Amino acid sequence: MTTQAPVATDPVAHLVRHRPDAPVFFFRPAVLSATARRFAEGFPGQVTYAVKANPAPEILATLAAGGIAAFDVASPQEMRAVRTICPRAALHYNNPVRSAGEIAEARRLGVRSWSVDRVSELDKLGALGPGDEVSVRLRLPVAGAAYDFGAKFGADPGLAAELLARVAAMGAVPAMTFHPGTQCPDGAAWARYIHAAADVAEAAGVRLARLNVGGGFPAHRGGAAPDLDAIFAAIRGAAAEAFATPPAL
């Protein structure tokens, strides 16, 4: 791939005019920086970029320059991509299915944050200590998203409570995570998950150190722009209601 000087403000018009034979990557760093800044200023917790969305070096470098210091990684390839750009970034390995080789490589690359949704995957992690944060991934039948990740990943509340208790007993930092689904426009989905996570933690007798509220934040794809501020407010309010001492987000 070669990089050219700015050629157009309208990607569609450029493609219609030039009809290129090869794929063209249009990148607007100012827009990306503004979006990252909006999350950093509005979201009541740590902002993490999911590398699977776009692992291009230009994307990662722009986000790192804008202050994003945590990345959700789903493979060793994504970890190495982040480490090349941002060697000290926090890496959250929230893909809950991993091979022994992938776990070993993740540890070599400095991963200390994991997620699990079954006992066998927790056992794969081996010995854990106070430097390891393990998030139990919860799933619920929550409608409204374009794609429900609960159909693919996550533990039902009963199993989640069992896993959380085991994480605490193993000496790791107990946490929980969830994903309300792709392109989820309603903050009520996050609120329901947050309250359910509080119930799971109570059932397990564990105080959560962190509640990773996943992705799912809607992008602007035509029509009315998504109301991210309303979603951020719903998350903030639900955490305050559900927990006597809210965990870090």
# chains A, B, ... in the order shown; residues from 1 in each chain; ligands from 1

$ closest_atom_pairs --of "stretch 131-187 of chain A" --to "stretch 82-95 of chain A" --cutoff "9 Å" --atoms "only C-alpha atoms" --output "JSON lines"
{"residue": "A:Ser135", "atom": "CA", "partner": "A:Asn94", "partner_atom": "CA", "distance": 8.1}
{"residue": "A:Arg137", "atom": "CA", "partner": "A:Asn94", "partner_atom": "CA", "distance": 8.6}
{"residue": "A:Phe153", "atom": "CA", "partner": "A:Asn95", "partner_atom": "CA", "distance": 8.7}
{"residue": "A:Thr177", "atom": "CA", "partner": "A:Asn94", "partner_atom": "CA", "distance": 8.7}

$ write_last_selection --atoms "C-alpha atoms" --output "mmCIF file, in the first residue's frame"
data_model
loop_
_atom_site.group_PDB
_atom_site.id
_atom_site.type_symbol
_atom_site.label_atom_id
_atom_site.label_comp_id
_atom_site.auth_asym_id
_atom_site.auth_seq_id
_atom_site.Cartn_x
_atom_site.Cartn_y
_atom_site.Cartn_z
ATOM 1 C CA SER A 135 -13.128 -10.986 33.577
ATOM 2 C CA ARG A 137 -17.994 -12.817 30.389
ATOM 3 C CA PHE A 153 -19.788 -15.966 23.728
ATOM 4 C CA THR A 177 -17.392 -8.154 31.123
#

$ select_by_dssp --residues "stretch 128-198 of chain A" --states "strand (DSSP E)" --output "PyMOL selection string"
chain A and resi 133-137+173-177

$ closest_residue --among "A:Arg166, A:Glu121, A:Ala230, A:Gln46" --to "A:Pro185" --atoms "only C-alpha atoms"
A:Ala230

$ atom_distance --atom1 "atom CA of A:Ala100" --atom2 "atom CA of A:Ser120"
11.8 Å

$ residues_around --residues "stretch 201-218 of chain A" --least-positions-apart "4" --cutoff "7 Å" --atoms "only C-alpha atoms" --output "ChimeraX atom specification"
/A:161-162,164-165,173-185,197,226,247-249

$ write_last_selection --atoms "C-alpha atoms" --output "PDB file, in the first residue's frame"
ATOM      1  CA  ALA A 161     -21.167 -16.729  39.483  1.00  0.00           C
ATOM      2  CA  GLU A 162     -19.313 -20.048  39.721  1.00  0.00           C
ATOM      3  CA  LEU A 164     -16.211 -15.493  39.374  1.00  0.00           C
ATOM      4  CA  ALA A 165     -15.870 -17.289  42.695  1.00  0.00           C
ATOM      5  CA  VAL A 173      -8.232  -9.762  40.228  1.00  0.00           C
ATOM      6  CA  PRO A 174     -11.969 -10.538  39.812  1.00  0.00           C
ATOM      7  CA  ALA A 175     -13.785  -8.662  37.077  1.00  0.00           C
ATOM      8  CA  MET A 176     -16.701  -9.090  34.711  1.00  0.00           C
ATOM      9  CA  THR A 177     -17.392  -8.154  31.123  1.00  0.00           C
ATOM     10  CA  PHE A 178     -20.178  -8.326  28.568  1.00  0.00           C
ATOM     11  CA  HIS A 179     -21.032  -7.168  25.066  1.00  0.00           C
ATOM     12  CA  PRO A 180     -24.603  -5.964  24.452  1.00  0.00           C
ATOM     13  CA  GLY A 181     -24.275  -6.552  20.706  1.00  0.00           C
ATOM     14  CA  THR A 182     -23.119  -4.742  17.596  1.00  0.00           C
ATOM     15  CA  GLN A 183     -24.707  -1.377  16.789  1.00  0.00           C
ATOM     16  CA  CYS A 184     -26.756  -1.281  19.987  1.00  0.00           C
ATOM     17  CA  PRO A 185     -28.561   2.089  20.160  1.00  0.00           C
ATOM     18  CA  ALA A 197     -23.437  -8.312  36.753  1.00  0.00           C
ATOM     19  CA  PRO A 226     -26.450   7.873  17.674  1.00  0.00           C
ATOM     20  CA  PRO A 247     -16.149  -1.062  40.282  1.00  0.00           C
ATOM     21  CA  ALA A 248     -13.842   0.632  37.816  1.00  0.00           C
ATOM     22  CA  LEU A 249     -15.284   0.738  34.316  1.00  0.00           C
TER      23      LEU A 249
END

$ atom_distance --atom1 "atom CA of A:Ser33" --atom2 "atom CA of A:Tyr49"
12.4 Å

$ residues_around --residues "A:Lys124" --least-positions-apart "4" --cutoff "10 Å" --atoms "only C-alpha atoms" --output "VMD selection string"
chain A and resid 97 to 100 103 116 119 to 120

$ atom_distance --atom1 "atom CA of A:Ala81" --atom2 "atom CA of A:Ala69"
13.7 Å

$ select_by_dssp --residues "stretch 132-206 of chain A" --states "helix (DSSP H, G or I)" --output "ChimeraX atom specification"
/A:149-151,157-169,187-204

$ write_last_selection --atoms "N, CA, C and O atoms" --output "CSV table (one decimal), in the first residue's frame"
chain,number,residue,atom,x,y,z
A,149,PHE,N,-23.9,-10.8,20.4
A,149,PHE,CA,-22.8,-11.6,20.7
A,149,PHE,C,-23.0,-12.7,21.8
A,149,PHE,O,-22.2,-13.6,22.0
A,150,GLY,N,-24.1,-12.6,22.5
A,150,GLY,CA,-24.5,-13.6,23.5
A,150,GLY,C,-24.8,-14.9,22.9
A,150,GLY,O,-24.8,-16.0,23.6
A,151,ALA,N,-25.1,-14.9,21.6
A,151,ALA,CA,-25.3,-16.2,20.9
A,151,ALA,C,-24.0,-16.9,20.6
A,151,ALA,O,-24.0,-18.1,20.2
A,157,PRO,N,-25.9,-16.5,33.9
A,157,PRO,CA,-25.6,-16.0,35.3
A,157,PRO,C,-25.2,-17.0,36.3
A,157,PRO,O,-24.2,-16.8,37.1
A,158,GLY,N,-25.8,-18.2,36.3
A,158,GLY,CA,-25.3,-19.2,37.3
A,158,GLY,C,-23.9,-19.6,37.1
A,158,GLY,O,-23.1,-19.7,38.1
A,159,LEU,N,-23.5,-19.9,35.9
A,159,LEU,CA,-22.1,-20.3,35.6
A,159,LEU,C,-21.2,-19.1,35.8
A,159,LEU,O,-20.1,-19.3,36.3
A,160,ALA,N,-21.7,-17.9,35.5
A,160,ALA,CA,-20.8,-16.8,35.7
A,160,ALA,C,-20.5,-16.6,37.2
A,160,ALA,O,-19.3,-16.3,37.5
A,161,ALA,N,-21.4,-16.8,38.0
A,161,ALA,CA,-21.2,-16.7,39.5
A,161,ALA,C,-20.1,-17.8,39.9
A,161,ALA,O,-19.2,-17.5,40.7
A,162,GLU,N,-20.3,-19.0,39.4
A,162,GLU,CA,-19.3,-20.0,39.7
A,162,GLU,C,-17.9,-19.7,39.2
A,162,GLU,O,-16.9,-19.8,40.0
A,163,LEU,N,-17.8,-19.2,38.0
A,163,LEU,CA,-16.5,-18.8,37.5
A,163,LEU,C,-15.9,-17.6,38.3
A,163,LEU,O,-14.7,-17.6,38.6
A,164,LEU,N,-16.7,-16.7,38.6
A,164,LEU,CA,-16.2,-15.5,39.4
A,164,LEU,C,-15.7,-15.9,40.7
A,164,LEU,O,-14.6,-15.4,41.2
A,165,ALA,N,-16.4,-16.8,41.4
A,165,ALA,CA,-15.9,-17.3,42.7
A,165,ALA,C,-14.5,-18.0,42.5
A,165,ALA,O,-13.6,-17.9,43.4
A,166,ARG,N,-14.4,-18.8,41.5
A,166,ARG,CA,-13.1,-19.5,41.2
A,166,ARG,C,-12.0,-18.5,40.9
A,166,ARG,O,-10.9,-18.7,41.3
A,167,VAL,N,-12.3,-17.5,40.1
A,167,VAL,CA,-11.3,-16.5,39.8
A,167,VAL,C,-10.7,-15.9,41.1
A,167,VAL,O,-9.5,-15.7,41.3
A,168,ALA,N,-11.6,-15.5,42.0
A,168,ALA,CA,-11.2,-14.9,43.3
A,168,ALA,C,-10.4,-15.9,44.1
A,168,ALA,O,-9.4,-15.5,44.7
A,169,ALA,N,-10.9,-17.2,44.1
A,169,ALA,CA,-10.1,-18.2,44.9
A,169,ALA,C,-8.8,-18.4,44.4
A,169,ALA,O,-7.8,-18.8,45.1
A,187,GLY,N,-29.2,2.6,25.6
A,187,GLY,CA,-28.5,2.5,26.9
A,187,GLY,C,-29.1,1.5,27.8
A,187,GLY,O,-28.4,1.0,28.8
A,188,ALA,N,-30.4,1.2,27.7
A,188,ALA,CA,-31.1,0.3,28.6
A,188,ALA,C,-30.4,-1.1,28.5
A,188,ALA,O,-30.5,-1.9,29.5
A,189,ALA,N,-29.9,-1.5,27.4
A,189,ALA,CA,-29.2,-2.8,27.2
A,189,ALA,C,-28.0,-2.8,28.2
A,189,ALA,O,-27.8,-3.8,28.9
A,190,TRP,N,-27.2,-1.8,28.2
A,190,TRP,CA,-26.1,-1.7,29.1
A,190,TRP,C,-26.5,-1.7,30.6
A,190,TRP,O,-26.0,-2.4,31.4
A,191,ALA,N,-27.6,-1.0,30.9
A,191,ALA,CA,-28.1,-0.9,32.2
A,191,ALA,C,-28.5,-2.3,32.7
A,191,ALA,O,-28.3,-2.7,33.9
A,192,ARG,N,-29.2,-3.1,31.9
A,192,ARG,CA,-29.7,-4.4,32.3
A,192,ARG,C,-28.5,-5.3,32.5
A,192,ARG,O,-28.5,-6.0,33.5
A,193,TYR,N,-27.5,-5.2,31.7
A,193,TYR,CA,-26.3,-6.1,31.9
A,193,TYR,C,-25.6,-5.7,33.2
A,193,TYR,O,-25.1,-6.5,34.0
A,194,ILE,N,-25.5,-4.4,33.5
A,194,ILE,CA,-24.8,-3.9,34.7
A,194,ILE,C,-25.5,-4.4,35.9
A,194,ILE,O,-24.8,-4.9,36.9
A,195,HIS,N,-26.8,-4.3,36.0
A,195,HIS,CA,-27.5,-4.8,37.1
A,195,HIS,C,-27.4,-6.3,37.3
A,195,HIS,O,-27.2,-6.8,38.4
A,196,ALA,N,-27.4,-7.0,36.1
A,196,ALA,CA,-27.2,-8.5,36.2
A,196,ALA,C,-25.8,-8.8,36.7
A,196,ALA,O,-25.6,-9.8,37.4
A,197,ALA,N,-24.8,-8.1,36.3
A,197,ALA,CA,-23.4,-8.3,36.8
A,197,ALA,C,-23.3,-8.1,38.3
A,197,ALA,O,-22.6,-8.9,39.0
A,198,ALA,N,-24.0,-7.1,38.8
A,198,ALA,CA,-24.0,-6.9,40.2
A,198,ALA,C,-24.7,-8.1,40.9
A,198,ALA,O,-24.2,-8.5,42.0
A,199,ASP,N,-25.7,-8.6,40.4
A,199,ASP,CA,-26.4,-9.8,41.0
A,199,ASP,C,-25.5,-11.0,41.0
A,199,ASP,O,-25.4,-11.8,41.9
A,200,VAL,N,-24.7,-11.2,39.9
A,200,VAL,CA,-23.8,-12.3,39.8
A,200,VAL,C,-22.7,-12.2,40.8
A,200,VAL,O,-22.3,-13.1,41.5
A,201,ALA,N,-22.1,-11.0,41.0
A,201,ALA,CA,-21.1,-10.7,41.9
A,201,ALA,C,-21.6,-11.0,43.4
A,201,ALA,O,-20.9,-11.6,44.2
A,202,GLU,N,-22.8,-10.6,43.6
A,202,GLU,CA,-23.4,-10.8,45.0
A,202,GLU,C,-23.6,-12.3,45.2
A,202,GLU,O,-23.3,-12.8,46.3
A,203,ALA,N,-24.1,-13.0,44.2
A,203,ALA,CA,-24.2,-14.5,44.3
A,203,ALA,C,-22.9,-15.2,44.5
A,203,ALA,O,-22.8,-16.2,45.3
A,204,ALA,N,-21.9,-14.7,43.9
A,204,ALA,CA,-20.5,-15.3,44.1
A,204,ALA,C,-19.8,-14.9,45.4
A,204,ALA,O,-18.8,-15.5,45.8

$ closest_residue --among "A:Ala233, A:Thr35, A:Leu125, A:Gly171" --to "A:Ala219" --atoms "only C-alpha atoms"
A:Thr35

$ closest_residue --among "A:Phe39, A:Met79, A:Glu241, A:Phe232" --to "A:Gly67" --atoms "only C-alpha atoms"
A:Phe39
